[in-house]
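Structure first, then comments.
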Amino acid sequence: MQNAHAVPHVVIVGGGFAGIAAARALMHTRVRITLLDRTNHNLFQPLLFQVTAGIVEAGTISAPIRSLFRHQRNVDVRMAEVDGIDKDRQLVYLTGESPPIHFDYLILATGVRVSYFGHDEWAQFAHGMKTLLDADRLRRQIVGCLELADQEPDPRAREELMRFVLVGAGPSGCELAGSLAGIFRRGLPQEYRHIDPRQAHIVLLEAGPRALTAFSEPLARGAVNQLRSLGVDVRLGKPVELIDEDGVVVGGERLRARTVVWTAGVAASPAGQWLGTETDRMGRVLVGTDLSVPGYPRIFAAGDTAHIEYQGKPLPCVATVALQSGEHIGRTLAAHLTGAPGPGPFAFFDKGNMATISLGYAIAETGRIRLSGVIGKLAWAFIHVQYLGQAEGQALLCMQWLINLLLSRTSARYIDEHVPLIAAERTPAGTR
Ligand SMILES: Cc1cc2nc3c(=O)[nH]c(=O)nc-3n(C[C@H](O)[C@H](O)[C@H](O)COP(=O)(O)OP(=O)(O)OC[C@H]3O[C@@H](n4cnc5c(N)ncnc54)[C@H](O)[C@@H]3O)c2cc1C
């Protein structure tokens with residue numbers, strides 16, 4: 001029998017894009033990998049907005065992490081939350097009663113969390129969309145609001161229930177706004193007797209002068225025009241002044257709404273605090289060109305957790321950076337442990353950006369190639385199915401998209417008997 005302790009122990013914290021890619025790159029290396037994640041699933045965040053909109057089921061865009069390593073015997077998956085690191089004694093601390101785990105090599109890939117730019121008090125009223133739980137909660141909120149609106153005799157209260165305020169016009173905000181507008185216009189109108197879902201007021205607020213800043217100006221403008229043509233009230237250059245139980249205040253105007261979604265900002269996970277090493281303004285761990293933490297060659301950070309400089313600029317928090325950085329760390333370690341030549345400094349291959357707006361309109365940009373409209377949508381759909389990975393998920397996704405396309409139906413509109421609306425304890429409409 002193999003002596004487990006003679007084999008180097010690699011601890012990976014985070015089973016997202018980066019953590020999974022790192023573990024896979026170590027598939028043929030003689031190491032013991034412990035992969036820790038506080039959830040039991042790997043989540044395909046780029047399609048989270050479709051769970052919120054009820055277009056796809058949660059299970060379609062998530063996979064149990066252990067199922068991804070069914071055939072990779074050197075990986076031991078543990079559902080556990082990390083809350084500290086002793087970098088000198090090489091220990092990872094877990095929440096609860098579990099003893100700390102010793103590592104020979106550590107890869108931190110814990111992603112980001114929602115940031116309210118210093119207004120943490122807004123968190124209870126404006127909900128982020130980062131985890132599956134967030135998306136499902138928002139989905140129930142939206143479906144619940146329509147159910148209540150259909151029975152609400154007071155027009156002002158009905159209006160509040162049917163106003164959906166989205167803060168932040170990056171890809172997530174635009175994609176969610178477009179999806180909701182599409183669903184409210186296409187599938188739902190025949191189903192309600194007392195409201196017209198087409199009258200829902202979807203407001204997309206952006207503090208900056210333009211939406212979708214990762215895209216070139218003409219593509220971003222086209223996307224905003226498309227959103228407006230779907231009836232989305234896009235307001236650019238409008239920083240939110242207040243969010244409370246009654247909705248938002250923007251440009252001095254009170255927008256009463258029962259649903260406020262926050263897609264405006266993120267901050268890194270506390271990995272930088274655990275390490276006590278240098279971080280950037282977002283809290284991302286500063287790493288060297290081999291993605292190790294300066295002064296600690298056995299500790300690496302990848303994906304959204306890491307501040308990676310490439311060609312003089314910090315790389316953004318996107319899936320391609322996470323995948324490539326995780327894989328690079330895995331390859332570097334594999335080479336180091338086997339004595340083979342390593343991959344050298346990290347080099348990023350930019351595959352571009354994409355965002356979908358409606359059933360027949362998406363934008364995609366890579367280098368000088370710019371796509372929009374149906375062609376953009378086909379490219380968007382193809383790439384997302386490809387990146388989803390597992391065949392079961394891919395098949396389910398295509399089926400749910402097809403149902404949505406052909407029958408104008410969303411598959412996930414169930415809610416509990418009791419509708420736990422977010423911000424339910426509120427002052428009555430019209431008192432402010
Ligand atoms: C709504 C949304 C839409 C997006 N759309 C796009 C898009 O269209 N294109 C694109 O390129 N990128 C998109 N992104 C960004 C992309 O998803 C991230 O860049 C990518 O997921 C980062 O991968 P990661 O592995 O670094 O982190 P994550 O994928 O976030 O994984 C981090 C993992 O760490 C775990 N974890 C966190 N803290 C702990 C802890 N203390 N203990 C144990 N485990 C922990 C989490 O449970 C999670 O599984 C989107 C993100 C969101 C939220």
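In the structure tokens, each chain is lettered A, B, ... as it comes, each chain's residues begin at 1, and ligands are numbered from 1 in order of appearance.
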Taking only residues of chain A that have an atom at most 8 Å from an atom of ligand 1, what is each one's shortest atom pair and its distance in Å to one decimal, using only C-alpha atoms and all ligand atoms, in chain and number order, as CSV?
```
residue,atom,partner,partner_atom_place_in_ligand_line,distance
A:Val13,CA,ligand 1,43 (C),5.6
A:Gly14,CA,ligand 1,34 (O),3.3
A:Gly15,CA,ligand 1,49 (O),4.4
A:Gly16,CA,ligand 1,31 (O),3.3
A:Phe17,CA,ligand 1,25 (O),3.8
A:Ala18,CA,ligand 1,25 (O),3.7
A:Gly19,CA,ligand 1,25 (O),5.5
A:Ile20,CA,ligand 1,25 (O),7.5
A:Leu36,CA,ligand 1,43 (C),5.5
A:Asp37,CA,ligand 1,44 (N),3.5
A:Arg38,CA,ligand 1,43 (C),4.1
A:Thr39,CA,ligand 1,47 (O),5.1
A:Asn40,CA,ligand 1,47 (O),8.0
A:His41,CA,ligand 1,49 (O),6.8
A:Asn42,CA,ligand 1,49 (O),5.6
A:Leu43,CA,ligand 1,29 (O),6.6
A:Phe44,CA,ligand 1,17 (O),6.6
A:Gln45,CA,ligand 1,17 (O),4.5
A:Pro46,CA,ligand 1,5 (N),3.4
A:Leu47,CA,ligand 1,3 (C),6.5
A:Leu48,CA,ligand 1,1 (C),5.3
A:Phe49,CA,ligand 1,1 (C),6.0
A:Met79,CA,ligand 1,43 (C),7.6
A:Ala80,CA,ligand 1,43 (C),5.8
A:Glu81,CA,ligand 1,42 (N),3.6
A:Val82,CA,ligand 1,42 (N),3.9
A:Asp83,CA,ligand 1,41 (N),5.6
A:Leu94,CA,ligand 1,42 (N),7.8
A:Ala109,CA,ligand 1,26 (O),5.2
A:Thr110,CA,ligand 1,34 (O),3.5
A:Gly111,CA,ligand 1,27 (O),3.4
A:Val112,CA,ligand 1,30 (O),5.8
A:Arg113,CA,ligand 1,30 (O),8.0
A:Met129,CA,ligand 1,1 (C),5.5
A:Lys130,CA,ligand 1,53 (C),4.3
A:Thr131,CA,ligand 1,53 (C),7.2
A:Pro171,CA,ligand 1,8 (O),6.6
A:Ser172,CA,ligand 1,3 (C),5.2
A:Thr263,CA,ligand 1,1 (C),7.5
A:Ser269,CA,ligand 1,38 (N),6.2
A:Pro270,CA,ligand 1,41 (N),7.5
A:Ala271,CA,ligand 1,41 (N),7.8
A:Ala302,CA,ligand 1,26 (O),6.1
A:Gly303,CA,ligand 1,26 (O),3.4
A:Asp304,CA,ligand 1,26 (O),3.9
A:Thr305,CA,ligand 1,26 (O),5.8
A:Ala306,CA,ligand 1,26 (O),7.9
A:Pro316,CA,ligand 1,19 (O),7.7
A:Cys317,CA,ligand 1,19 (O),4.3
A:Val318,CA,ligand 1,19 (O),3.2
A:Ala319,CA,ligand 1,11 (O),3.7
A:Thr320,CA,ligand 1,11 (O),5.6
A:Val321,CA,ligand 1,19 (O),7.0
A:Ala322,CA,ligand 1,23 (O),4.8
A:Leu323,CA,ligand 1,25 (O),7.2
A:Gly326,CA,ligand 1,25 (O),7.7
A:Asn353,CA,ligand 1,9 (N),6.8
A:Met354,CA,ligand 1,8 (O),6.3
A:Ala355,CA,ligand 1,8 (O),6.2
```
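Neighbouring residues of Asp196 (chain A) at 12 Å or closer, counting only C-alpha atoms and skipping chain neighbours under 4 positions away, are A:Leu146, A:Glu147, A:Ala149, A:Asp150, A:Arg158, A:Glu159, A:Met162, A:Phe184, A:Arg185, A:Arg186, A:Gly187, A:Leu188, A:Pro189, A:Gln190, A:Glu191, A:Tyr192, A:Ala200, A:His201.
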Just write the chosen residues, all heavy atoms, as a short mmCIF file (atom, residue, chain, number, x, y, z; two decimals), in the first residue's frame.
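Written output follows (selection_31.cif):
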```cif
data_model
loop_
_atom_site.label_atom_id
_atom_site.label_comp_id
_atom_site.auth_asym_id
_atom_site.auth_seq_id
_atom_site.Cartn_x
_atom_site.Cartn_y
_atom_site.Cartn_z
N LEU A 146 -44.77 38.93 -8.88
CA LEU A 146 -45.81 38.87 -9.91
C LEU A 146 -47.08 38.23 -9.35
O LEU A 146 -48.20 38.67 -9.63
CB LEU A 146 -45.32 38.09 -11.14
CG LEU A 146 -44.20 38.76 -11.94
CD1 LEU A 146 -43.81 37.89 -13.12
CD2 LEU A 146 -44.61 40.14 -12.45
N GLU A 147 -46.90 37.17 -8.53
CA GLU A 147 -48.07 36.51 -7.92
C GLU A 147 -48.84 37.51 -7.06
O GLU A 147 -50.07 37.59 -7.12
CB GLU A 147 -47.65 35.31 -7.06
CG GLU A 147 -47.03 34.14 -7.81
CD GLU A 147 -48.01 33.45 -8.76
OE1 GLU A 147 -49.21 33.72 -8.68
OE2 GLU A 147 -47.54 32.66 -9.60
N ALA A 149 -48.68 40.82 -7.18
CA ALA A 149 -49.19 41.94 -7.98
C ALA A 149 -50.52 41.56 -8.63
O ALA A 149 -51.43 42.39 -8.74
CB ALA A 149 -48.17 42.32 -9.05
N ASP A 150 -50.65 40.31 -9.02
CA ASP A 150 -51.88 39.85 -9.69
C ASP A 150 -53.10 39.94 -8.76
O ASP A 150 -54.23 39.96 -9.22
CB ASP A 150 -51.68 38.42 -10.18
CG ASP A 150 -52.69 38.04 -11.26
OD1 ASP A 150 -52.89 38.85 -12.18
OD2 ASP A 150 -53.30 36.95 -11.14
N ARG A 158 -49.18 47.81 -6.44
CA ARG A 158 -48.95 46.92 -7.59
C ARG A 158 -47.73 47.39 -8.40
O ARG A 158 -46.90 46.60 -8.84
CB ARG A 158 -50.21 46.91 -8.46
CG ARG A 158 -50.33 45.67 -9.29
CD ARG A 158 -51.72 45.45 -9.82
NE ARG A 158 -52.27 46.61 -10.51
CZ ARG A 158 -53.46 47.14 -10.28
NH1 ARG A 158 -54.26 46.62 -9.37
NH2 ARG A 158 -53.89 48.19 -10.94
N GLU A 159 -47.67 48.70 -8.55
CA GLU A 159 -46.55 49.28 -9.30
C GLU A 159 -45.21 48.93 -8.63
O GLU A 159 -44.24 48.58 -9.31
CB GLU A 159 -46.74 50.80 -9.31
CG GLU A 159 -45.96 51.52 -10.37
CD GLU A 159 -46.30 52.99 -10.33
OE1 GLU A 159 -47.31 53.37 -10.94
OE2 GLU A 159 -45.58 53.75 -9.65
N MET A 162 -44.23 45.48 -9.25
CA MET A 162 -43.83 45.22 -10.64
C MET A 162 -42.67 46.10 -11.09
O MET A 162 -42.39 46.20 -12.28
CB MET A 162 -45.03 45.40 -11.56
CG MET A 162 -46.05 44.30 -11.32
SD MET A 162 -47.43 44.38 -12.42
CE MET A 162 -46.70 44.10 -14.00
N PHE A 184 -41.05 38.69 -19.54
CA PHE A 184 -42.28 39.43 -19.22
C PHE A 184 -43.07 39.73 -20.50
O PHE A 184 -44.28 39.84 -20.46
CB PHE A 184 -41.95 40.75 -18.51
CG PHE A 184 -41.39 40.57 -17.11
CD1 PHE A 184 -40.83 41.64 -16.42
CD2 PHE A 184 -41.42 39.33 -16.48
CE1 PHE A 184 -40.31 41.48 -15.14
CE2 PHE A 184 -40.90 39.16 -15.21
CZ PHE A 184 -40.34 40.24 -14.54
N ARG A 185 -42.37 39.87 -21.61
CA ARG A 185 -43.06 40.22 -22.85
C ARG A 185 -43.59 39.00 -23.58
O ARG A 185 -44.64 39.04 -24.19
CB ARG A 185 -42.12 40.96 -23.80
CG ARG A 185 -41.86 42.39 -23.39
CD ARG A 185 -40.60 42.89 -24.04
NE ARG A 185 -40.79 43.08 -25.46
CZ ARG A 185 -41.06 44.25 -26.01
NH1 ARG A 185 -41.16 45.32 -25.26
NH2 ARG A 185 -41.21 44.36 -27.31
N ARG A 186 -42.82 37.90 -23.52
CA ARG A 186 -43.18 36.77 -24.39
C ARG A 186 -44.06 35.73 -23.72
O ARG A 186 -45.18 35.49 -24.16
CB ARG A 186 -41.91 36.09 -24.91
CG ARG A 186 -41.15 36.93 -25.92
CD ARG A 186 -39.83 36.28 -26.28
NE ARG A 186 -40.02 35.04 -27.00
CZ ARG A 186 -39.62 33.85 -26.57
NH1 ARG A 186 -39.00 33.74 -25.42
NH2 ARG A 186 -39.81 32.77 -27.29
N GLY A 187 -43.55 35.11 -22.68
CA GLY A 187 -44.25 33.94 -22.15
C GLY A 187 -45.39 34.24 -21.21
O GLY A 187 -46.40 33.54 -21.21
N LEU A 188 -45.24 35.30 -20.43
CA LEU A 188 -46.14 35.46 -19.29
C LEU A 188 -47.48 36.15 -19.55
O LEU A 188 -48.44 35.86 -18.82
CB LEU A 188 -45.39 36.19 -18.17
CG LEU A 188 -44.15 35.50 -17.62
CD1 LEU A 188 -43.64 36.22 -16.39
CD2 LEU A 188 -44.42 34.04 -17.28
N PRO A 189 -47.58 37.06 -20.50
CA PRO A 189 -48.81 37.85 -20.57
C PRO A 189 -50.10 37.03 -20.59
O PRO A 189 -51.08 37.42 -19.96
CB PRO A 189 -48.66 38.66 -21.85
CG PRO A 189 -47.19 38.82 -21.99
CD PRO A 189 -46.61 37.54 -21.48
N GLN A 190 -50.11 35.87 -21.25
CA GLN A 190 -51.36 35.08 -21.33
C GLN A 190 -51.73 34.45 -19.99
O GLN A 190 -52.85 33.98 -19.83
CB GLN A 190 -51.23 33.94 -22.35
CG GLN A 190 -50.87 34.34 -23.75
CD GLN A 190 -49.35 34.32 -23.94
OE1 GLN A 190 -48.60 34.88 -23.16
NE2 GLN A 190 -48.91 33.67 -25.01
N GLU A 191 -50.80 34.42 -19.06
CA GLU A 191 -51.04 33.64 -17.85
C GLU A 191 -51.64 34.42 -16.70
O GLU A 191 -52.10 33.84 -15.73
CB GLU A 191 -49.72 33.00 -17.39
CG GLU A 191 -49.17 32.02 -18.42
CD GLU A 191 -47.93 31.31 -17.92
OE1 GLU A 191 -47.62 31.42 -16.72
OE2 GLU A 191 -47.29 30.64 -18.75
N TYR A 192 -51.59 35.72 -16.76
CA TYR A 192 -52.12 36.53 -15.65
C TYR A 192 -53.42 37.20 -16.10
O TYR A 192 -53.55 37.61 -17.26
CB TYR A 192 -51.09 37.58 -15.22
CG TYR A 192 -49.87 36.96 -14.56
CD1 TYR A 192 -48.81 36.50 -15.34
CD2 TYR A 192 -49.81 36.81 -13.18
CE1 TYR A 192 -47.71 35.91 -14.74
CE2 TYR A 192 -48.71 36.21 -12.58
CZ TYR A 192 -47.66 35.76 -13.36
OH TYR A 192 -46.57 35.16 -12.78
N ALA A 200 -44.37 45.66 -16.54
CA ALA A 200 -43.35 45.68 -15.48
C ALA A 200 -42.31 46.75 -15.81
O ALA A 200 -41.93 46.92 -16.97
CB ALA A 200 -42.68 44.31 -15.36
N HIS A 201 -41.87 47.45 -14.78
CA HIS A 201 -40.89 48.53 -14.99
C HIS A 201 -39.50 48.01 -14.57
O HIS A 201 -39.21 47.89 -13.39
CB HIS A 201 -41.31 49.74 -14.14
CG HIS A 201 -40.45 50.95 -14.37
ND1 HIS A 201 -40.41 52.01 -13.48
CD2 HIS A 201 -39.61 51.28 -15.38
CE1 HIS A 201 -39.57 52.91 -13.95
NE2 HIS A 201 -39.07 52.50 -15.10
#
```
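Distances here use only C-alpha atoms; by that measure, the residue among A:Val114, A:Ala381, A:Val232, A:Val165 closest to Ala267 (chain A) is A:Val114.
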Excluding Arg228 (chain A) and residues on its chain fewer than 5 positions from it, collect all residues at most 12 Å away from it, counting only C-alpha atoms, and give them as a ChimeraX atom specification. /A:174,177-178,181-182,201-204,221-223,233-235,357-358
Limited to all heavy atoms, could you put the picked residues into a file as a short mmCIF file (atom, residue, chain, number, x, y, z; two decimals), in the first residue's frame?
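This is the output file out.cif:
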```cif
data_model
loop_
_atom_site.label_atom_id
_atom_site.label_comp_id
_atom_site.auth_asym_id
_atom_site.auth_seq_id
_atom_site.Cartn_x
_atom_site.Cartn_y
_atom_site.Cartn_z
N CYS A 174 -26.93 43.82 -17.39
CA CYS A 174 -27.55 43.92 -18.73
C CYS A 174 -28.20 42.59 -19.11
O CYS A 174 -29.31 42.56 -19.66
CB CYS A 174 -26.52 44.30 -19.77
SG CYS A 174 -25.94 45.99 -19.59
N ALA A 177 -31.38 42.11 -17.04
CA ALA A 177 -32.43 43.05 -17.47
C ALA A 177 -33.05 42.57 -18.78
O ALA A 177 -34.29 42.53 -18.93
CB ALA A 177 -31.83 44.45 -17.65
N GLY A 178 -32.20 42.17 -19.72
CA GLY A 178 -32.71 41.72 -21.03
C GLY A 178 -33.54 40.45 -20.90
O GLY A 178 -34.59 40.31 -21.53
N ALA A 181 -36.94 41.24 -19.28
CA ALA A 181 -37.80 41.95 -20.23
C ALA A 181 -38.36 40.96 -21.25
O ALA A 181 -39.56 41.00 -21.59
CB ALA A 181 -37.01 43.05 -20.92
N GLY A 182 -37.51 40.05 -21.72
CA GLY A 182 -37.96 39.07 -22.71
C GLY A 182 -39.04 38.16 -22.15
O GLY A 182 -40.06 37.91 -22.80
N HIS A 201 -41.87 47.45 -14.78
CA HIS A 201 -40.89 48.53 -14.99
C HIS A 201 -39.50 48.01 -14.57
O HIS A 201 -39.21 47.89 -13.39
CB HIS A 201 -41.31 49.74 -14.14
CG HIS A 201 -40.45 50.95 -14.37
ND1 HIS A 201 -40.41 52.01 -13.48
CD2 HIS A 201 -39.61 51.28 -15.38
CE1 HIS A 201 -39.57 52.91 -13.95
NE2 HIS A 201 -39.07 52.50 -15.10
N ILE A 202 -38.69 47.69 -15.56
CA ILE A 202 -37.33 47.20 -15.28
C ILE A 202 -36.39 48.39 -15.44
O ILE A 202 -36.30 48.98 -16.52
CB ILE A 202 -36.93 46.08 -16.25
CG1 ILE A 202 -37.94 44.93 -16.15
CG2 ILE A 202 -35.52 45.58 -15.95
CD1 ILE A 202 -37.80 43.91 -17.25
N VAL A 203 -35.74 48.74 -14.33
CA VAL A 203 -34.85 49.91 -14.36
C VAL A 203 -33.42 49.40 -14.20
O VAL A 203 -33.12 48.65 -13.28
CB VAL A 203 -35.16 50.87 -13.19
CG1 VAL A 203 -34.42 52.19 -13.38
CG2 VAL A 203 -36.65 51.11 -13.05
N LEU A 204 -32.55 49.83 -15.10
CA LEU A 204 -31.14 49.45 -15.01
C LEU A 204 -30.32 50.71 -14.74
O LEU A 204 -30.27 51.62 -15.58
CB LEU A 204 -30.69 48.78 -16.32
CG LEU A 204 -29.25 48.30 -16.40
CD1 LEU A 204 -28.94 47.25 -15.35
CD2 LEU A 204 -28.95 47.74 -17.79
N ARG A 221 -23.11 50.43 -27.03
CA ARG A 221 -24.25 51.29 -27.37
C ARG A 221 -25.37 50.46 -28.01
O ARG A 221 -26.54 50.62 -27.71
CB ARG A 221 -23.80 52.41 -28.32
CG ARG A 221 -24.77 53.56 -28.35
CD ARG A 221 -24.28 54.79 -29.10
NE ARG A 221 -22.87 54.84 -29.43
CZ ARG A 221 -22.38 54.66 -30.66
NH1 ARG A 221 -23.17 54.38 -31.67
NH2 ARG A 221 -21.08 54.74 -30.88
N GLY A 222 -24.97 49.55 -28.90
CA GLY A 222 -25.95 48.68 -29.55
C GLY A 222 -26.72 47.86 -28.52
O GLY A 222 -27.94 47.69 -28.62
N ALA A 223 -26.00 47.37 -27.51
CA ALA A 223 -26.64 46.55 -26.48
C ALA A 223 -27.64 47.39 -25.68
O ALA A 223 -28.75 46.94 -25.38
CB ALA A 223 -25.59 45.96 -25.55
N ASP A 233 -35.69 50.47 -18.81
CA ASP A 233 -35.41 51.89 -18.53
C ASP A 233 -33.94 51.99 -18.10
O ASP A 233 -33.61 51.83 -16.94
CB ASP A 233 -36.37 52.30 -17.39
CG ASP A 233 -36.22 53.75 -16.98
OD1 ASP A 233 -35.37 54.43 -17.55
OD2 ASP A 233 -36.98 54.16 -16.07
N VAL A 234 -33.05 52.22 -19.08
CA VAL A 234 -31.61 52.26 -18.78
C VAL A 234 -31.24 53.69 -18.42
O VAL A 234 -31.47 54.62 -19.19
CB VAL A 234 -30.77 51.81 -20.00
CG1 VAL A 234 -29.29 51.73 -19.64
CG2 VAL A 234 -31.24 50.46 -20.54
N ARG A 235 -30.66 53.86 -17.24
CA ARG A 235 -30.26 55.21 -16.82
C ARG A 235 -28.76 55.21 -16.53
O ARG A 235 -28.30 54.60 -15.57
CB ARG A 235 -31.03 55.63 -15.57
CG ARG A 235 -32.54 55.60 -15.78
CD ARG A 235 -33.26 56.19 -14.59
NE ARG A 235 -34.70 55.94 -14.69
CZ ARG A 235 -35.59 56.42 -13.84
NH1 ARG A 235 -35.20 57.17 -12.82
NH2 ARG A 235 -36.87 56.15 -13.99
N ILE A 357 -28.22 39.78 -24.68
CA ILE A 357 -29.22 40.78 -24.28
C ILE A 357 -30.64 40.22 -24.44
O ILE A 357 -31.48 40.41 -23.58
CB ILE A 357 -29.08 42.08 -25.13
CG1 ILE A 357 -27.65 42.63 -24.98
CG2 ILE A 357 -30.12 43.12 -24.75
CD1 ILE A 357 -27.25 43.02 -23.56
N SER A 358 -30.88 39.55 -25.54
CA SER A 358 -32.24 39.03 -25.75
C SER A 358 -32.14 37.71 -26.50
O SER A 358 -31.04 37.24 -26.82
CB SER A 358 -33.07 40.03 -26.55
OG SER A 358 -32.56 40.12 -27.86
#
```
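With CA of Arg370 (chain A) on one side and CA of Thr60 (chain A) on the other, the separation reads 29.0 Å.
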Contacts of His119 (chain A) at 12 Å or less, counting only C-alpha atoms, minus same-chain residues fewer than 6 places along, as an mmCIF file with N, CA and C atoms, in the first residue's frame?
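The result, written out as selection_23.cif:
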```cif
data_model
loop_
_atom_site.group_PDB
_atom_site.id
_atom_site.type_symbol
_atom_site.label_atom_id
_atom_site.label_comp_id
_atom_site.auth_asym_id
_atom_site.auth_seq_id
_atom_site.Cartn_x
_atom_site.Cartn_y
_atom_site.Cartn_z
ATOM 1 N N PHE A 125 -31.245 45.022 1.499
ATOM 2 C CA PHE A 125 -32.331 45.414 0.589
ATOM 3 C C PHE A 125 -31.995 45.133 -0.885
ATOM 4 N N ALA A 126 -30.710 45.170 -1.210
ATOM 5 C CA ALA A 126 -30.307 44.966 -2.609
ATOM 6 C C ALA A 126 -29.515 43.679 -2.664
ATOM 7 N N VAL A 240 -26.452 55.487 -7.457
ATOM 8 C CA VAL A 240 -27.508 55.279 -6.465
ATOM 9 C C VAL A 240 -27.131 56.042 -5.194
ATOM 10 N N GLU A 241 -28.097 56.774 -4.656
ATOM 11 C CA GLU A 241 -27.804 57.565 -3.442
ATOM 12 C C GLU A 241 -28.211 56.827 -2.171
ATOM 13 N N LEU A 242 -29.244 56.023 -2.278
ATOM 14 C CA LEU A 242 -29.743 55.336 -1.087
ATOM 15 C C LEU A 242 -30.492 54.074 -1.521
ATOM 16 N N ILE A 243 -30.343 53.027 -0.741
ATOM 17 C CA ILE A 243 -31.181 51.840 -0.936
ATOM 18 C C ILE A 243 -31.752 51.494 0.432
ATOM 19 N N ASP A 244 -33.054 51.370 0.510
ATOM 20 C CA ASP A 244 -33.675 50.999 1.789
ATOM 21 C C ASP A 244 -34.869 50.084 1.519
ATOM 22 N N TRP A 262 -28.385 43.827 -6.928
ATOM 23 C CA TRP A 262 -27.092 44.524 -6.940
ATOM 24 C C TRP A 262 -26.100 43.741 -7.787
ATOM 25 N N GLY A 265 -20.777 45.623 -7.957
ATOM 26 C CA GLY A 265 -19.371 45.533 -7.577
ATOM 27 C C GLY A 265 -19.023 44.282 -6.801
#
```
Every residue of region 154-358 of chain A that DSSP places in helix (DSSP H, G or I), as a ChimeraX atom specification: /A:155-161,171-186,189-191,197-199,217-229,271-275,303-305,319-338
Could you pull out all residues of region 15-246 of chain A with a DSSP call of strand (DSSP E) and give them as a PyMOL selection string? chain A and resi 32-37+41-43+62-64+75-79+82-86+91-94+101-102+105-108+112-114+126-128+163-167+201-205+233-235+240-244
Let me see the file: selected residues, C-alpha atoms, as a JSON list (two decimals), in the first residue's frame.
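The resulting file, again.json, is shown below:
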```
[["chain", "number", "residue", "atom", "x", "y", "z"],
["A", 32, "ARG", "CA", -2.26, 14.06, -2.79],
["A", 33, "ILE", "CA", -4.77, 16.82, -3.49],
["A", 34, "THR", "CA", -7.31, 17.98, -0.94],
["A", 35, "LEU", "CA", -9.84, 20.24, -2.62],
["A", 36, "LEU", "CA", -11.84, 22.28, -0.12],
["A", 37, "ASP", "CA", -14.98, 24.20, -0.97],
["A", 41, "HIS", "CA", -20.77, 22.16, -6.26],
["A", 42, "ASN", "CA", -18.89, 23.87, -9.00],
["A", 43, "LEU", "CA", -20.95, 26.75, -10.36],
["A", 62, "SER", "CA", -23.82, 23.38, -11.36],
["A", 63, "ALA", "CA", -22.08, 20.05, -10.91],
["A", 64, "PRO", "CA", -21.08, 18.25, -7.70],
["A", 75, "VAL", "CA", -8.18, 14.25, -5.51],
["A", 76, "ASP", "CA", -10.04, 14.14, -2.22],
["A", 77, "VAL", "CA", -12.95, 16.60, -2.21],
["A", 78, "ARG", "CA", -14.10, 18.01, 1.12],
["A", 79, "MET", "CA", -17.02, 20.35, 1.72],
["A", 82, "VAL", "CA", -11.66, 27.86, 5.34],
["A", 83, "ASP", "CA", -11.29, 30.77, 7.74],
["A", 84, "GLY", "CA", -7.59, 31.20, 8.20],
["A", 85, "ILE", "CA", -4.09, 30.25, 7.16],
["A", 86, "ASP", "CA", -0.81, 30.00, 9.01],
["A", 91, "LEU", "CA", -1.69, 25.10, 8.04],
["A", 92, "VAL", "CA", -5.18, 25.78, 6.71],
["A", 93, "TYR", "CA", -7.84, 26.44, 9.37],
["A", 94, "LEU", "CA", -11.44, 25.38, 8.89],
["A", 101, "ILE", "CA", -4.92, 20.76, 7.54],
["A", 102, "HIS", "CA", -1.20, 20.75, 6.84],
["A", 105, "TYR", "CA", 1.66, 23.42, -1.40],
["A", 106, "LEU", "CA", -1.36, 25.67, -1.18],
["A", 107, "ILE", "CA", -3.49, 27.08, -4.00],
["A", 108, "LEU", "CA", -5.99, 29.77, -3.05],
["A", 112, "VAL", "CA", -14.83, 37.22, -4.93],
["A", 113, "ARG", "CA", -17.82, 38.36, -2.89],
["A", 114, "VAL", "CA", -20.36, 41.10, -3.46],
["A", 126, "ALA", "CA", -30.31, 44.97, -2.61],
["A", 127, "HIS", "CA", -29.43, 41.39, -3.26],
["A", 128, "GLY", "CA", -26.29, 40.22, -4.95],
["A", 163, "ARG", "CA", -40.77, 47.48, -10.51],
["A", 164, "PHE", "CA", -37.45, 45.68, -10.68],
["A", 165, "VAL", "CA", -34.41, 47.84, -10.09],
["A", 166, "LEU", "CA", -31.04, 46.48, -11.18],
["A", 167, "VAL", "CA", -27.96, 48.35, -10.02],
["A", 201, "HIS", "CA", -40.89, 48.53, -14.99],
["A", 202, "ILE", "CA", -37.33, 47.20, -15.28],
["A", 203, "VAL", "CA", -34.85, 49.91, -14.36],
["A", 204, "LEU", "CA", -31.14, 49.45, -15.01],
["A", 205, "LEU", "CA", -28.99, 51.98, -13.14],
["A", 233, "ASP", "CA", -35.41, 51.89, -18.53],
["A", 234, "VAL", "CA", -31.61, 52.26, -18.78],
["A", 235, "ARG", "CA", -30.26, 55.21, -16.82],
["A", 240, "VAL", "CA", -27.51, 55.28, -6.46],
["A", 241, "GLU", "CA", -27.80, 57.56, -3.44],
["A", 242, "LEU", "CA", -29.74, 55.34, -1.09],
["A", 243, "ILE", "CA", -31.18, 51.84, -0.94],
["A", 244, "ASP", "CA", -33.68, 51.00, 1.79]]
```
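Across A:Glu245, A:Trp122, A:Ala169, A:Phe346, the tightest approach to Gly208 (chain A) is made by A:Ala169 when counting only C-alpha atoms.
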Please identify all polymer residues within 10 Å of Arg298 (chain A), counting only C-alpha atoms, omitting same-chain residues fewer than 6 positions from it, and present them as a ChimeraX atom specification. /A:10,87,90,103-107,292,333
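Checking A:Gly344, A:Ala264, A:Val51, A:Gly288 one by one against Gly173 (chain A), counting only C-alpha atoms, you find the shortest gap at A:Ala264.
Ranking A:Pro218, A:Gly342, A:Val56, A:Leu68 by their shortest atom-to-atom distance to Ala395 (chain A), with only C-alpha atoms included, puts A:Val56 first.
Note that CA of Tyr361 (chain A) and CA of Leu255 (chain A) are 28.7 Å apart.
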